[in-house]
Amino acid sequence: MRGFFADMSVNPFLLTGLLAGALGGLSCGTLGPYVVSRRLVFLAGALAHVAVGGVGAAIFLATTYPDLFSWLSPLHGAGFAALAVAPVLALLQHRGGESIDTAIGALWAGGMALGILLIKKTPGYHGELMGYLFGNLAYVSWSDVYLLLGLTIAVLLVLVIWHRRFLALCVDPEQARLQGISPLATDIVLLFVVALTVTALTRVVGLILVIALVSLPASTALRFQSRLAPTLLLSGLLGVLLTTLPRIAAYGSDFSPEAAIVLTAVIAWLAAGLIARRRTRSLPKASSPE
Amino acid sequence: MSAAPALRLHEVRFRYEGSDAAALEDTSLEIEPGDFCGVLGPNGGGKSTFLRLALGLLKPDAGRVELFGKSPSTERRRVGYVPQQVAIASNAPATVLDLVLLGRLRKASWGPIWSGEDRAAAERALSRVSVLPLANRTWHQLSGGQRQRVLIARALVHEPELLLLDEPTTGVDLHREHELLDLLHELNEDVTIVMVSHDLPLVTSHARTALWINGTAQRLPAEELTVERVEALLHGDHDGGSP
């Protein structure tokens with residue numbers, strides 16, 4: 001761990017990687033409680049995998065038509081694809097029906113297959129796809145950090161403005177509808193935020209592992225907190241810690257920092273579950289103080 | 001000012017998409033202001049459809065639904081709806097106070113902060129149904145009777161003129177059930193109440209009027225509001241027989 005901070009002065013990527021992790025962790029940690037409570041984790045996973053298609057499309061277009069698309073980075077591709085598919089997923093969810101799981105699964109796998117296909121079609125070597133699938137904290141540029149900063153600010157802003165509406169949907173969507181709040185429109189906004197967060201996490205843990213960071217810090221926090229405001233703070237903090245500490249600890253070892261982040265998140269969640277179970281066992285359950 | 005019925009259905013017909021038979025047909029009824037109307041009927045007879053039509057959550061295929069003489073979509077803010085307890089997500093990260101405050105949420109509510117007025121209204125509603133001490137509990141820490149009171153508080157928080165309740169005694173134990181009904185009686189002093197219930201004795205002993213909903217609606221006159229008469233209806237004895 002000492003090595004990490006000592007090397008920071010010679011390797012600027014250590015700082016950018018750490019900042020990218022912290023920003024991504026902050027967005028997913030703060031967003032997660034809404035996604036988990038609204039039971040949209042599966043949709044978030046689908047969104048992330050569709051974004052792989054966007055990465056493939058961006059790499060393909062930028063390489064094949066450099067005059068037109070040289071500005072298009074893979075991260076842009078991920079973001080556009082995720083934003084475009086967010087309303088589709090919300091619509092699917094609201095129309096329901098028996099085939100909804102299949103439809104979401106088809107988008108999930110289809111988006112990813114499209115990404116792989118487009119990469120294969122792109123002339124030249126493109127090992128960088130791996131960096132978007134599994135994250136790449138070792139080479140985060142400052143422009144990536146600025147993009148992440150923008151995304152994080154956008155995510156937090158929307159969460160603040162829509163907070164009560166999202167909570168209403170988590171509690172009782174039909175009642176929200178009766179009060180003039182459209183559950184579909186609100187879910188679309190929530191999934192737009194998920195799309196932004198997925199994009200932000202592409203560099204940190206990769207699109208395949210994003211689902212872990214959207215759900216686990218939030219679920220861990222929810223084990224200890226039942227009010228939304230403290231849950232959000234705790235989950236945001238956990239998000240930042242989980243995306244930075246394992247990265248520092250894994251430095252210099254042959255542990256993949258991205259995998260270390262996800263595994264630590266899983267372990268934290270499991271441990272929280274055990275602790276919470278012990279606590280509830282020692283506490284009396286519902287009482288009636290009427 | 002002429003007092004329009006609190007709720008009026010006129011020759012309403014409604015069929016669910018993909019279903020052969022209409023859930024409700026040729027249904028006309030009026031609920032007068034101040035009424036405490038018990039809605040009875042067999043499962044699948046259309047009681048919930050009736051409530052959802054009244055709230056404007058469903059649109060009739062034919063006929064008209066009116067709240068206070070106007071369209072449900074504009075007037076439903078004058079209605080408090082008390083759904084069945086399963087409507088509340090069990091994992092919702094909200095306290096009792098949050099839940100009741102959400103009853104004050106409006107189209108124009110942006111940002112995370114509730115106004116002092118909203119908070120005062122929520123506390124008033126909670127104390128009106130005697131659960132203010134539970135304000136910081138979460139949903140899963142409550143008993144069935146407490147949950148029902150919280151849902152009623154949420155419905156009361158924007159001071160409705162009409163209260164629609166869907167099976168309010170489900171999951172409430174017997175002696176709490178009577179407390180709950182006493183509470184509804186008290187509220188009935190200034191709120192019109194429509195209560196869907198499968199609990200015959202409860203409706204017959206507490207409601208002023210009763211509706212029988214089974215594909216269509218029919219009024220049960222007060223003198224016929226007996227357990228025997230309702231049981232006869234339940235068992236398909238449409239001719240009535242002697243009560």
# chains A, B, ... in the order shown; residues from 1 in each chain; ligands from 1
>>> interface_residues(of="chain A", to="chain B", cutoff="9 Å", atoms="only C-alpha atoms", output="NGL selection string")
:A and (33-34 or 37-38 or 159-165 or 167-168 or 170-182 or 222 or 225-229 or 231 or 285-290)
>>> residues_around(residues="B:Gly46", least_positions_apart="2", cutoff="8 Å", atoms="only C-alpha atoms", output="list in words")
Ala23, Leu24, Gly41, Asn43, Gly44, Ser48, Thr49, Phe50, Ile213, Asn214, Gly215 and Thr216 of chain B
>>> residues_around(residues="A:Tyr132", least_positions_apart="6", cutoff="9 Å", atoms="only C-alpha atoms", output="ChimeraX atom specification")
/A:52,55,74-75,202-208
>>> residues_around(residues="A:Thr16", least_positions_apart="5", cutoff="9 Å", atoms="only C-alpha atoms", output="list in words")
Gly21, Leu137, Ala138, Tyr139, Val140, Ser141, Trp142, Asp144 and Val145 of chain A
>>> write_last_selection(atoms="C-alpha atoms", output="short mmCIF file (atom, residue, chain, number, x, y, z; two decimals), in the first residue's frame")
data_model
loop_
_atom_site.label_atom_id
_atom_site.label_comp_id
_atom_site.auth_asym_id
_atom_site.auth_seq_id
_atom_site.Cartn_x
_atom_site.Cartn_y
_atom_site.Cartn_z
CA GLY A 21 -12.81 4.94 -9.03
CA LEU A 137 -7.96 1.61 -13.95
CA ALA A 138 -4.32 1.57 -15.00
CA TYR A 139 -4.76 3.98 -17.93
CA VAL A 140 -7.40 6.54 -17.12
CA SER A 141 -6.72 9.87 -18.84
CA TRP A 142 -7.51 13.27 -17.37
CA ASP A 144 -11.83 10.56 -18.76
CA VAL A 145 -11.70 11.98 -15.23
#
>>> select_by_dssp(residues="chain B", states="alpha helix (DSSP H)", output="number ranges by chain")
B: 47-54, 72-75, 96-102, 116-128, 144-156, 174-187, 200-206, 227-234
